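Visitor: Have a peek at input.pdb (PDB, C-alpha atoms and all ligand atoms).
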ATOM      1  CA  MET X   1     -27.168 -23.197 -22.577  1.00  0.00           C
ATOM      2  CA  SER X   2     -23.479 -22.734 -21.988  1.00  0.00           C
ATOM      3  CA  SER X   3     -22.254 -20.051 -19.593  1.00  0.00           C
ATOM      4  CA  PRO X   4     -21.196 -16.699 -21.019  1.00  0.00           C
ATOM      5  CA  LYS X   5     -17.476 -16.316 -21.599  1.00  0.00           C
ATOM      6  CA  ILE X   6     -15.662 -13.696 -19.598  1.00  0.00           C
ATOM      7  CA  PHE X   7     -12.128 -12.400 -19.122  1.00  0.00           C
ATOM      8  CA  LEU X   8     -11.203 -10.956 -15.717  1.00  0.00           C
ATOM      9  CA  PHE X   9      -8.864  -8.056 -15.053  1.00  0.00           C
ATOM     10  CA  ASP X  10      -7.300  -6.462 -12.028  1.00  0.00           C
ATOM     11  CA  PHE X  11      -7.335  -2.681 -12.368  1.00  0.00           C
ATOM     12  CA  ASP X  12      -4.263  -0.942 -10.886  1.00  0.00           C
ATOM     13  CA  GLY X  13      -1.048  -1.961 -12.588  1.00  0.00           C
ATOM     14  CA  VAL X  14      -2.971  -3.939 -15.216  1.00  0.00           C
ATOM     15  CA  ILE X  15      -5.338  -1.509 -16.961  1.00  0.00           C
ATOM     16  CA  VAL X  16      -3.783   1.721 -15.738  1.00  0.00           C
ATOM     17  CA  ASP X  17      -0.554   2.909 -14.234  1.00  0.00           C
ATOM     18  CA  GLY X  18      -1.832   5.056 -11.394  1.00  0.00           C
ATOM     19  CA  MET X  19       1.479   5.756  -9.682  1.00  0.00           C
ATOM     20  CA  HIS X  20       1.063   9.533  -9.826  1.00  0.00           C
ATOM     21  CA  GLU X  21      -2.471   9.274  -8.593  1.00  0.00           C
ATOM     22  CA  TYR X  22      -1.571   7.004  -5.664  1.00  0.00           C
ATOM     23  CA  TRP X  23       1.081   9.428  -4.519  1.00  0.00           C
ATOM     24  CA  HIS X  24      -1.026  12.519  -5.104  1.00  0.00           C
ATOM     25  CA  SER X  25      -4.212  11.207  -3.487  1.00  0.00           C
ATOM     26  CA  SER X  26      -2.425   9.652  -0.501  1.00  0.00           C
ATOM     27  CA  LEU X  27      -0.415  12.834   0.070  1.00  0.00           C
ATOM     28  CA  LEU X  28      -3.552  14.940  -0.121  1.00  0.00           C
ATOM     29  CA  ALA X  29      -5.241  12.556   2.328  1.00  0.00           C
ATOM     30  CA  CYS X  30      -2.305  13.070   4.715  1.00  0.00           C
ATOM     31  CA  GLU X  31      -2.403  16.833   4.283  1.00  0.00           C
ATOM     32  CA  LYS X  32      -6.133  17.423   4.507  1.00  0.00           C
ATOM     33  CA  TYR X  33      -7.579  14.677   6.638  1.00  0.00           C
ATOM     34  CA  LEU X  34      -4.972  12.870   8.704  1.00  0.00           C
ATOM     35  CA  ASN X  35      -4.256  15.510  11.380  1.00  0.00           C
ATOM     36  CA  SER X  36      -0.848  14.088  12.117  1.00  0.00           C
ATOM     37  CA  PRO X  37       1.512  16.186  14.250  1.00  0.00           C
ATOM     38  CA  TYR X  38       4.488  14.481  12.602  1.00  0.00           C
ATOM     39  CA  ILE X  39       4.122  15.956   9.131  1.00  0.00           C
ATOM     40  CA  SER X  40       3.998  19.283   7.372  1.00  0.00           C
ATOM     41  CA  VAL X  41       3.162  19.053   3.693  1.00  0.00           C
ATOM     42  CA  ASP X  42       5.276  21.181   1.412  1.00  0.00           C
ATOM     43  CA  GLN X  43       3.456  21.742  -1.919  1.00  0.00           C
ATOM     44  CA  ALA X  44       6.630  20.783  -3.792  1.00  0.00           C
ATOM     45  CA  LEU X  45       6.045  17.216  -2.595  1.00  0.00           C
ATOM     46  CA  TYR X  46       3.167  16.879  -5.063  1.00  0.00           C
ATOM     47  CA  LYS X  47       5.454  17.404  -8.030  1.00  0.00           C
ATOM     48  CA  ARG X  48       7.433  14.191  -7.985  1.00  0.00           C
ATOM     49  CA  VAL X  49       6.750  10.643  -6.846  1.00  0.00           C
ATOM     50  CA  PRO X  50       9.703   9.569  -4.658  1.00  0.00           C
ATOM     51  CA  ASN X  51      11.507   6.402  -5.704  1.00  0.00           C
ATOM     52  CA  THR X  52      10.969   4.950  -2.244  1.00  0.00           C
ATOM     53  CA  PHE X  53       7.222   5.099  -2.788  1.00  0.00           C
ATOM     54  CA  LYS X  54       7.531   3.497  -6.235  1.00  0.00           C
ATOM     55  CA  GLU X  55       9.742   0.771  -4.841  1.00  0.00           C
ATOM     56  CA  ILE X  56       7.386  -0.088  -1.981  1.00  0.00           C
ATOM     57  CA  ARG X  57       4.250  -0.074  -4.196  1.00  0.00           C
ATOM     58  CA  PRO X  58       4.573  -3.761  -5.263  1.00  0.00           C
ATOM     59  CA  TRP X  59       3.983  -4.769  -1.632  1.00  0.00           C
ATOM     60  CA  VAL X  60       0.749  -2.789  -1.321  1.00  0.00           C
ATOM     61  CA  LYS X  61      -2.484  -4.714  -1.255  1.00  0.00           C
ATOM     62  CA  TYR X  62      -5.024  -2.120  -0.062  1.00  0.00           C
ATOM     63  CA  GLY X  63      -5.198   1.627  -0.651  1.00  0.00           C
ATOM     64  CA  TRP X  64      -4.968   2.537   3.042  1.00  0.00           C
ATOM     65  CA  GLU X  65      -1.424   1.151   3.150  1.00  0.00           C
ATOM     66  CA  MET X  66      -0.364   3.886   0.712  1.00  0.00           C
ATOM     67  CA  VAL X  67      -1.550   6.635   3.067  1.00  0.00           C
ATOM     68  CA  LEU X  68       0.523   5.058   5.807  1.00  0.00           C
ATOM     69  CA  ILE X  69       3.583   4.739   3.550  1.00  0.00           C
ATOM     70  CA  VAL X  70       3.338   8.358   2.396  1.00  0.00           C
ATOM     71  CA  HIS X  71       3.126   9.441   6.029  1.00  0.00           C
ATOM     72  CA  GLU X  72       6.301   7.482   6.826  1.00  0.00           C
ATOM     73  CA  ILE X  73       8.142   8.977   3.861  1.00  0.00           C
ATOM     74  CA  ILE X  74       7.236  12.603   4.592  1.00  0.00           C
ATOM     75  CA  LYS X  75       7.480  12.504   8.396  1.00  0.00           C
ATOM     76  CA  THR X  76       9.487  15.540   9.517  1.00  0.00           C
ATOM     77  CA  GLU X  77      11.943  13.346  11.365  1.00  0.00           C
ATOM     78  CA  ASN X  78      12.621  11.487   8.106  1.00  0.00           C
ATOM     79  CA  ALA X  79      12.885  14.647   6.024  1.00  0.00           C
ATOM     80  CA  ASN X  80      16.610  14.500   5.465  1.00  0.00           C
ATOM     81  CA  LYS X  81      17.034  10.810   5.180  1.00  0.00           C
ATOM     82  CA  ASP X  82      15.362   8.191   3.086  1.00  0.00           C
ATOM     83  CA  LEU X  83      13.016   5.774   4.718  1.00  0.00           C
ATOM     84  CA  ASN X  84      14.828   2.475   5.081  1.00  0.00           C
ATOM     85  CA  LYS X  85      13.006   0.755   2.278  1.00  0.00           C
ATOM     86  CA  ASP X  86      14.677  -2.631   2.694  1.00  0.00           C
ATOM     87  CA  ASN X  87      13.755  -2.869   6.360  1.00  0.00           C
ATOM     88  CA  PHE X  88      10.263  -1.723   5.581  1.00  0.00           C
ATOM     89  CA  ILE X  89       9.554  -4.312   2.922  1.00  0.00           C
ATOM     90  CA  LYS X  90      11.308  -7.137   4.730  1.00  0.00           C
ATOM     91  CA  ASN X  91       8.497  -7.200   7.274  1.00  0.00           C
ATOM     92  CA  TYR X  92       5.963  -5.290   5.255  1.00  0.00           C
ATOM     93  CA  HIS X  93       2.791  -6.544   6.880  1.00  0.00           C
ATOM     94  CA  GLN X  94       4.123  -6.299  10.458  1.00  0.00           C
ATOM     95  CA  ASN X  95       5.445  -2.800   9.780  1.00  0.00           C
ATOM     96  CA  CYS X  96       2.066  -1.610   8.548  1.00  0.00           C
ATOM     97  CA  GLN X  97       0.382  -3.076  11.623  1.00  0.00           C
ATOM     98  CA  ARG X  98       2.968  -1.528  13.965  1.00  0.00           C
ATOM     99  CA  ILE X  99       2.596   1.917  12.400  1.00  0.00           C
ATOM    100  CA  LEU X 100      -1.193   1.697  12.658  1.00  0.00           C
ATOM    101  CA  LYS X 101      -0.814   0.869  16.340  1.00  0.00           C
ATOM    102  CA  ASP X 102       1.831   3.520  17.079  1.00  0.00           C
ATOM    103  CA  ASN X 103      -0.424   6.216  15.647  1.00  0.00           C
ATOM    104  CA  SER X 104      -3.685   4.773  17.008  1.00  0.00           C
ATOM    105  CA  TRP X 105      -5.019   4.554  13.462  1.00  0.00           C
ATOM    106  CA  ILE X 106      -7.561   2.113  12.108  1.00  0.00           C
ATOM    107  CA  ALA X 107      -7.039   0.775   8.581  1.00  0.00           C
ATOM    108  CA  GLU X 108     -10.668   1.475   7.606  1.00  0.00           C
ATOM    109  CA  ASP X 109     -10.278   5.127   8.597  1.00  0.00           C
ATOM    110  CA  LEU X 110      -7.195   5.508   6.417  1.00  0.00           C
ATOM    111  CA  GLN X 111      -9.116   3.929   3.536  1.00  0.00           C
ATOM    112  CA  LYS X 112     -11.945   6.394   4.156  1.00  0.00           C
ATOM    113  CA  ILE X 113      -9.662   9.418   3.991  1.00  0.00           C
ATOM    114  CA  LEU X 114      -8.061   8.117   0.810  1.00  0.00           C
ATOM    115  CA  ASP X 115     -11.503   7.787  -0.774  1.00  0.00           C
ATOM    116  CA  LYS X 116     -12.372  11.239   0.571  1.00  0.00           C
ATOM    117  CA  SER X 117      -9.249  12.685  -1.018  1.00  0.00           C
ATOM    118  CA  ARG X 118     -10.234  11.119  -4.355  1.00  0.00           C
ATOM    119  CA  ASN X 119     -13.776  12.434  -4.101  1.00  0.00           C
ATOM    120  CA  TYR X 120     -12.470  15.892  -3.261  1.00  0.00           C
ATOM    121  CA  GLN X 121     -10.348  15.954  -6.433  1.00  0.00           C
ATOM    122  CA  ILE X 122     -13.157  14.536  -8.559  1.00  0.00           C
ATOM    123  CA  ASP X 123     -15.481  17.315  -7.375  1.00  0.00           C
ATOM    124  CA  LYS X 124     -12.868  19.995  -7.768  1.00  0.00           C
ATOM    125  CA  ASN X 125     -11.295  19.082 -11.091  1.00  0.00           C
ATOM    126  CA  PHE X 126     -12.320  15.752 -12.512  1.00  0.00           C
ATOM    127  CA  LYS X 127     -10.162  16.045 -15.617  1.00  0.00           C
ATOM    128  CA  SER X 128      -6.941  16.653 -13.725  1.00  0.00           C
ATOM    129  CA  TRP X 129      -7.659  13.705 -11.442  1.00  0.00           C
ATOM    130  CA  VAL X 130      -8.269  11.406 -14.436  1.00  0.00           C
ATOM    131  CA  ASN X 131      -5.059  12.665 -16.031  1.00  0.00           C
ATOM    132  CA  LEU X 132      -3.036  11.353 -13.112  1.00  0.00           C
ATOM    133  CA  HIS X 133      -3.662   7.867 -14.537  1.00  0.00           C
ATOM    134  CA  ASP X 134      -1.723   6.465 -17.474  1.00  0.00           C
ATOM    135  CA  PRO X 135      -3.688   3.774 -19.260  1.00  0.00           C
ATOM    136  CA  PHE X 136      -1.953   0.771 -20.775  1.00  0.00           C
ATOM    137  CA  PHE X 137      -3.404   1.142 -24.262  1.00  0.00           C
ATOM    138  CA  GLU X 138      -2.466  -2.383 -25.293  1.00  0.00           C
ATOM    139  CA  VAL X 139      -4.759  -3.641 -22.536  1.00  0.00           C
ATOM    140  CA  ILE X 140      -7.521  -1.235 -23.518  1.00  0.00           C
ATOM    141  CA  ASN X 141      -7.273  -2.455 -27.124  1.00  0.00           C
ATOM    142  CA  PHE X 142      -7.332  -6.038 -25.938  1.00  0.00           C
ATOM    143  CA  MET X 143     -10.546  -5.273 -24.048  1.00  0.00           C
ATOM    144  CA  TYR X 144     -12.102  -3.768 -27.193  1.00  0.00           C
ATOM    145  CA  GLU X 145     -11.048  -6.848 -29.107  1.00  0.00           C
ATOM    146  CA  LEU X 146     -12.705  -9.117 -26.542  1.00  0.00           C
ATOM    147  CA  LYS X 147     -15.863  -7.111 -26.979  1.00  0.00           C
ATOM    148  CA  ASN X 148     -15.692  -7.671 -30.748  1.00  0.00           C
ATOM    149  CA  LYS X 149     -15.456 -11.384 -30.078  1.00  0.00           C
ATOM    150  CA  GLU X 150     -18.482 -11.130 -27.786  1.00  0.00           C
ATOM    151  CA  ILE X 151     -16.398 -12.073 -24.786  1.00  0.00           C
ATOM    152  CA  LYS X 152     -17.363 -10.149 -21.678  1.00  0.00           C
ATOM    153  CA  THR X 153     -14.903  -8.363 -19.402  1.00  0.00           C
ATOM    154  CA  GLY X 154     -15.031  -8.055 -15.631  1.00  0.00           C
ATOM    155  CA  ILE X 155     -12.914  -6.062 -13.206  1.00  0.00           C
ATOM    156  CA  ILE X 156     -11.863  -7.195  -9.732  1.00  0.00           C
ATOM    157  CA  THR X 157      -9.940  -4.528  -7.867  1.00  0.00           C
ATOM    158  CA  THR X 158      -8.999  -3.585  -4.324  1.00  0.00           C
ATOM    159  CA  LYS X 159      -9.806   0.035  -5.206  1.00  0.00           C
ATOM    160  CA  GLY X 160     -13.178   1.574  -4.462  1.00  0.00           C
ATOM    161  CA  LYS X 161     -15.530   0.499  -7.272  1.00  0.00           C
ATOM    162  CA  VAL X 162     -16.692   4.009  -8.070  1.00  0.00           C
ATOM    163  CA  PHE X 163     -13.157   5.246  -8.820  1.00  0.00           C
ATOM    164  CA  ALA X 164     -12.327   2.421 -11.208  1.00  0.00           C
ATOM    165  CA  GLU X 165     -15.682   2.944 -12.885  1.00  0.00           C
ATOM    166  CA  LYS X 166     -15.064   6.642 -13.526  1.00  0.00           C
ATOM    167  CA  ILE X 167     -11.699   5.996 -15.161  1.00  0.00           C
ATOM    168  CA  LEU X 168     -12.969   3.103 -17.277  1.00  0.00           C
ATOM    169  CA  LYS X 169     -15.825   5.258 -18.520  1.00  0.00           C
ATOM    170  CA  GLN X 170     -13.281   7.827 -19.727  1.00  0.00           C
ATOM    171  CA  LEU X 171     -11.540   5.019 -21.595  1.00  0.00           C
ATOM    172  CA  ASN X 172     -14.809   3.926 -23.147  1.00  0.00           C
ATOM    173  CA  ILE X 173     -14.735   0.601 -21.349  1.00  0.00           C
ATOM    174  CA  PHE X 174     -17.999  -0.660 -19.929  1.00  0.00           C
ATOM    175  CA  PRO X 175     -17.362  -4.011 -18.291  1.00  0.00           C
ATOM    176  CA  GLU X 176     -20.014  -6.505 -17.319  1.00  0.00           C
ATOM    177  CA  PHE X 177     -19.220  -5.719 -13.676  1.00  0.00           C
ATOM    178  CA  ILE X 178     -16.676  -4.072 -11.405  1.00  0.00           C
ATOM    179  CA  PHE X 179     -16.018  -5.436  -7.937  1.00  0.00           C
ATOM    180  CA  GLY X 180     -14.115  -3.153  -5.579  1.00  0.00           C
ATOM    181  CA  TYR X 181     -12.768  -3.663  -2.081  1.00  0.00           C
ATOM    182  CA  GLU X 182     -16.337  -3.314  -0.797  1.00  0.00           C
ATOM    183  CA  SER X 183     -17.206  -6.708  -2.314  1.00  0.00           C
ATOM    184  CA  GLY X 184     -14.781  -8.826  -0.295  1.00  0.00           C
ATOM    185  CA  THR X 185     -11.713 -10.799  -1.278  1.00  0.00           C
ATOM    186  CA  LYS X 186     -10.844 -11.516  -4.887  1.00  0.00           C
ATOM    187  CA  ILE X 187     -10.814 -15.234  -4.259  1.00  0.00           C
ATOM    188  CA  LYS X 188     -14.402 -15.203  -2.925  1.00  0.00           C
ATOM    189  CA  ILE X 189     -15.534 -13.069  -5.841  1.00  0.00           C
ATOM    190  CA  ALA X 190     -13.872 -15.408  -8.346  1.00  0.00           C
ATOM    191  CA  GLU X 191     -15.476 -18.393  -6.635  1.00  0.00           C
ATOM    192  CA  LYS X 192     -18.946 -16.920  -7.071  1.00  0.00           C
ATOM    193  CA  LEU X 193     -18.259 -15.957 -10.678  1.00  0.00           C
ATOM    194  CA  THR X 194     -17.347 -19.512 -11.640  1.00  0.00           C
ATOM    195  CA  GLN X 195     -20.971 -20.452 -11.012  1.00  0.00           C
ATOM    196  CA  ASN X 196     -22.250 -18.209 -13.787  1.00  0.00           C
ATOM    197  CA  TYR X 197     -19.421 -17.668 -16.221  1.00  0.00           C
ATOM    198  CA  GLU X 198     -16.860 -19.548 -18.189  1.00  0.00           C
ATOM    199  CA  ILE X 199     -13.751 -17.639 -17.096  1.00  0.00           C
ATOM    200  CA  LEU X 200     -11.212 -17.553 -19.921  1.00  0.00           C
ATOM    201  CA  GLY X 201      -8.497 -15.880 -17.886  1.00  0.00           C
ATOM    202  CA  PHE X 202      -7.572 -13.532 -15.071  1.00  0.00           C
ATOM    203  CA  ILE X 203      -4.846 -10.909 -15.554  1.00  0.00           C
ATOM    204  CA  GLU X 204      -3.431  -9.618 -12.293  1.00  0.00           C
ATOM    205  CA  ASP X 205      -0.124  -8.107 -11.159  1.00  0.00           C
ATOM    206  CA  ARG X 206      -0.200  -9.451  -7.616  1.00  0.00           C
ATOM    207  CA  LYS X 207       1.313 -12.937  -7.707  1.00  0.00           C
ATOM    208  CA  LYS X 208      -0.033 -13.925  -4.289  1.00  0.00           C
ATOM    209  CA  THR X 209      -3.603 -13.367  -5.488  1.00  0.00           C
ATOM    210  CA  LEU X 210      -3.035 -15.677  -8.461  1.00  0.00           C
ATOM    211  CA  LEU X 211      -1.448 -18.304  -6.224  1.00  0.00           C
ATOM    212  CA  ASP X 212      -4.511 -18.178  -3.973  1.00  0.00           C
ATOM    213  CA  ILE X 213      -6.774 -18.640  -7.000  1.00  0.00           C
ATOM    214  CA  LYS X 214      -4.728 -21.633  -8.119  1.00  0.00           C
ATOM    215  CA  GLN X 215      -4.724 -23.199  -4.652  1.00  0.00           C
ATOM    216  CA  ASN X 216      -8.479 -23.012  -4.215  1.00  0.00           C
ATOM    217  CA  SER X 217     -10.271 -26.052  -5.625  1.00  0.00           C
ATOM    218  CA  GLU X 218     -13.257 -23.963  -6.803  1.00  0.00           C
ATOM    219  CA  THR X 219     -11.107 -21.582  -8.828  1.00  0.00           C
ATOM    220  CA  SER X 220      -7.980 -23.567  -9.701  1.00  0.00           C
ATOM    221  CA  HIS X 221      -9.222 -24.145 -13.269  1.00  0.00           C
ATOM    222  CA  ILE X 222      -9.100 -20.394 -14.063  1.00  0.00           C
ATOM    223  CA  PRO X 223      -6.167 -19.600 -16.391  1.00  0.00           C
ATOM    224  CA  CYS X 224      -3.999 -17.118 -14.461  1.00  0.00           C
ATOM    225  CA  PHE X 225      -1.758 -14.516 -16.068  1.00  0.00           C
ATOM    226  CA  LEU X 226       0.764 -12.362 -14.232  1.00  0.00           C
ATOM    227  CA  ALA X 227       1.059  -8.916 -15.841  1.00  0.00           C
ATOM    228  CA  ASP X 228       4.734  -8.233 -16.337  1.00  0.00           C
ATOM    229  CA  TRP X 229       4.051  -4.485 -16.899  1.00  0.00           C
ATOM    230  CA  GLY X 230       2.459  -4.080 -13.465  1.00  0.00           C
ATOM    231  CA  TYR X 231       3.801  -3.463  -9.966  1.00  0.00           C
ATOM    232  CA  LEU X 232       5.865  -6.602  -9.619  1.00  0.00           C
ATOM    233  CA  LYS X 233       8.463  -7.465  -7.045  1.00  0.00           C
ATOM    234  CA  GLU X 234      11.656  -8.513  -8.784  1.00  0.00           C
ATOM    235  CA  SER X 235      11.325 -12.016  -7.304  1.00  0.00           C
ATOM    236  CA  ASP X 236       7.799 -12.428  -8.738  1.00  0.00           C
ATOM    237  CA  ARG X 237       9.221 -13.101 -12.168  1.00  0.00           C
ATOM    238  CA  PHE X 238      11.118 -16.152 -10.980  1.00  0.00           C
ATOM    239  CA  ASN X 239      10.067 -19.546  -9.759  1.00  0.00           C
ATOM    240  CA  LEU X 240       6.648 -19.221 -11.268  1.00  0.00           C
ATOM    241  CA  SER X 241       4.761 -22.459 -11.147  1.00  0.00           C
ATOM    242  CA  ASN X 242       3.759 -23.500 -14.630  1.00  0.00           C
ATOM    243  CA  GLU X 243       0.177 -22.767 -13.713  1.00  0.00           C
ATOM    244  CA  ILE X 244       0.773 -19.015 -13.638  1.00  0.00           C
ATOM    245  CA  ILE X 245       1.882 -17.526 -16.922  1.00  0.00           C
ATOM    246  CA  LEU X 246       3.932 -14.347 -17.107  1.00  0.00           C
ATOM    247  CA  ILE X 247       2.614 -12.224 -19.957  1.00  0.00           C
ATOM    248  CA  ASN X 248       3.739  -8.951 -21.457  1.00  0.00           C
ATOM    249  CA  LEU X 249       1.900  -6.225 -23.327  1.00  0.00           C
ATOM    250  CA  SER X 250       2.970  -7.513 -26.710  1.00  0.00           C
ATOM    251  CA  ASN X 251       1.548 -11.012 -26.342  1.00  0.00           C
ATOM    252  CA  LEU X 252      -1.879 -10.148 -24.983  1.00  0.00           C
ATOM    253  CA  GLU X 253      -3.526 -10.862 -28.305  1.00  0.00           C
ATOM    254  CA  GLU X 254      -2.414 -14.484 -28.193  1.00  0.00           C
ATOM    255  CA  LEU X 255      -4.669 -15.026 -25.206  1.00  0.00           C
ATOM    256  CA  VAL X 256      -7.754 -15.105 -27.387  1.00  0.00           C
ATOM    257  CA  ALA X 257      -6.282 -16.351 -30.604  1.00  0.00           C
ATOM    258  CA  ILE X 258      -8.459 -19.393 -30.179  1.00  0.00           C
TER     259      ILE X 258
HETATM  260 MG    MG X 301      -2.831  -4.570  -9.309  1.00  0.00          MG
END
Translate this file's structure into structure tokens.
Guide:
Amino acid sequence: MSSPKIFLFDFDGVIVDGMHEYWHSSLLACEKYLNSPYISVDQALYKRVPNTFKEIRPWVKYGWEMVLIVHEIIKTENANKDLNKDNFIKNYHQNCQRILKDNSWIAEDLQKILDKSRNYQIDKNFKSWVNLHDPFFEVINFMYELKNKEIKTGIITTKGKVFAEKILKQLNIFPEFIFGYESGTKIKIAEKLTQNYEILGFIEDRKKTLLDIKQNSETSHIPCFLADWGYLKESDRFNLSNEIILINLSNLEELVAI
């Protein structure tokens, strides 16, 4: 028997735009759980997502980095000046590591408080938490269409599985599986999946992840699509190898017009 066909999706920046939620939940994590002497959280901060945060988001790989970035943006000493975004992203990884060290933080603890902040909101007012996410309806429709064609869908995200699951349920999407950050790296997950599924494609907005998939001999056959509507760095759109295809919301349908 042939393997079941499946289409893989990243979650954030592909299925939903969660920009408001990232800001809100990370800010709440800073306010309620971080105990930092360097910040005082004015409630007005919740109203608007600063451009600096939006501009740094394409560099983010894991949720804990967003807590750290919010802390940098709202630090009292930075209150009247913008965080130097260009310096920050130039050495993004090193900057995150330095800030962790300077504050004696551990990445896992920041991830825990982010999850805690999400759970707090879910308990308190589930609807308003869900409403912080803007779904990309073209993608949702594409997922329904796959279902009609009896093609399965699977989600691989660096978010906590439970949070993606709650939002998808609201959207009436019930994928074959959801793998969150708890399940390890996307490349390892994809490797395992190739043993049981015929993977028709993977839509992701992080170019580096797709490059890793293409460079791994076990997964290099997976058709990789870079979501142009997601959190892309400007440079991501250029110099794409012909193995990674840039797609937009209006040509999703073509992916299964087979
Ligand atoms: Mg993403």
Visitor: Do you know which residues the PyMOL selection byres (((chain X and resi 68) around 12) and not hetatm) returns on this file, as number ranges by chain?
Guide: X: 22-23, 26-27, 29-30, 34, 36, 39, 53, 56-57, 60, 62-67, 69-75, 88, 92-93, 95-111, 113-114
Visitor: Print the selection's residues with C-alpha atoms to a file, as a compact mmCIF listing (two decimals), in the frame of the given file.
Guide:
# COMPACT_ATOMS: atom_id res chain seq x y z
CA TYR X 22 -1.57 7.00 -5.66
CA TRP X 23 1.08 9.43 -4.52
CA SER X 26 -2.42 9.65 -0.50
CA LEU X 27 -0.42 12.83 0.07
CA ALA X 29 -5.24 12.56 2.33
CA CYS X 30 -2.31 13.07 4.72
CA LEU X 34 -4.97 12.87 8.70
CA SER X 36 -0.85 14.09 12.12
CA ILE X 39 4.12 15.96 9.13
CA PHE X 53 7.22 5.10 -2.79
CA ILE X 56 7.39 -0.09 -1.98
CA ARG X 57 4.25 -0.07 -4.20
CA VAL X 60 0.75 -2.79 -1.32
CA TYR X 62 -5.02 -2.12 -0.06
CA GLY X 63 -5.20 1.63 -0.65
CA TRP X 64 -4.97 2.54 3.04
CA GLU X 65 -1.42 1.15 3.15
CA MET X 66 -0.36 3.89 0.71
CA VAL X 67 -1.55 6.64 3.07
CA ILE X 69 3.58 4.74 3.55
CA VAL X 70 3.34 8.36 2.40
CA HIS X 71 3.13 9.44 6.03
CA GLU X 72 6.30 7.48 6.83
CA ILE X 73 8.14 8.98 3.86
CA ILE X 74 7.24 12.60 4.59
CA LYS X 75 7.48 12.50 8.40
CA PHE X 88 10.26 -1.72 5.58
CA TYR X 92 5.96 -5.29 5.26
CA HIS X 93 2.79 -6.54 6.88
CA ASN X 95 5.44 -2.80 9.78
CA CYS X 96 2.07 -1.61 8.55
CA GLN X 97 0.38 -3.08 11.62
CA ARG X 98 2.97 -1.53 13.96
CA ILE X 99 2.60 1.92 12.40
CA LEU X 100 -1.19 1.70 12.66
CA LYS X 101 -0.81 0.87 16.34
CA ASP X 102 1.83 3.52 17.08
CA ASN X 103 -0.42 6.22 15.65
CA SER X 104 -3.68 4.77 17.01
CA TRP X 105 -5.02 4.55 13.46
CA ILE X 106 -7.56 2.11 12.11
CA ALA X 107 -7.04 0.78 8.58
CA GLU X 108 -10.67 1.48 7.61
CA ASP X 109 -10.28 5.13 8.60
CA LEU X 110 -7.20 5.51 6.42
CA GLN X 111 -9.12 3.93 3.54
CA ILE X 113 -9.66 9.42 3.99
CA LEU X 114 -8.06 8.12 0.81
Visitor: Which residues are near ligand MG 301 (chain X) - at most 7 Å, using only C-alpha atoms and all ligand atoms? Format: as number ranges by chain.
Guide: X: 10-14, 204-206, 230-231
Visitor: Which residue gives the smallest distance to X:Trp229 among X:Phe136, X:Phe7, X:Trp59, X:Tyr181, with only C-alpha atoms counted?
Guide: X:Phe136
Visitor: Record the distance separating atom CA of X:Ser25 and atom CA of X:Leu168, expressed in Å with one decimal.
Guide: 18.2 Å
Visitor: Taking all atoms listed in the file into account, which of X:Phe174, X:Glu191, X:Arg237, X:Ile122 comes nearest X:Tyr144?
Guide: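 Closest to X:Tyr144, using all atoms listed in the file: X:Phe174.
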Visitor: Return stretch 162-172 of chain X, completed with N, CA and C atoms, as a short mmCIF file (atom, residue, chain, number, x, y, z; two decimals), in the coordinates of the input.
Guide:
data_model
loop_
_atom_site.label_atom_id
_atom_site.label_comp_id
_atom_site.auth_asym_id
_atom_site.auth_seq_id
_atom_site.Cartn_x
_atom_site.Cartn_y
_atom_site.Cartn_z
N VAL X 162 -16.29 2.78 -7.39
CA VAL X 162 -16.69 4.01 -8.07
C VAL X 162 -15.52 4.69 -8.79
N PHE X 163 -14.32 4.57 -8.22
CA PHE X 163 -13.16 5.25 -8.82
C PHE X 163 -12.70 4.52 -10.09
N ALA X 164 -12.70 3.20 -10.02
CA ALA X 164 -12.33 2.42 -11.21
C ALA X 164 -13.35 2.69 -12.32
N GLU X 165 -14.60 2.75 -11.93
CA GLU X 165 -15.68 2.94 -12.88
C GLU X 165 -15.55 4.27 -13.64
N LYS X 166 -15.20 5.32 -12.91
CA LYS X 166 -15.06 6.64 -13.53
C LYS X 166 -13.94 6.66 -14.56
N ILE X 167 -12.83 6.00 -14.23
CA ILE X 167 -11.70 6.00 -15.16
C ILE X 167 -12.02 5.14 -16.39
N LEU X 168 -12.63 3.99 -16.16
CA LEU X 168 -12.97 3.10 -17.28
C LEU X 168 -13.93 3.78 -18.25
N LYS X 169 -14.85 4.54 -17.69
CA LYS X 169 -15.82 5.26 -18.52
C LYS X 169 -15.10 6.23 -19.45
N GLN X 170 -14.09 6.91 -18.91
CA GLN X 170 -13.28 7.83 -19.73
C GLN X 170 -12.58 7.09 -20.85
N LEU X 171 -12.26 5.82 -20.60
CA LEU X 171 -11.54 5.02 -21.60
C LEU X 171 -12.50 4.28 -22.53
N ASN X 172 -13.80 4.57 -22.33
CA ASN X 172 -14.81 3.93 -23.15
C ASN X 172 -14.90 2.41 -22.93
#
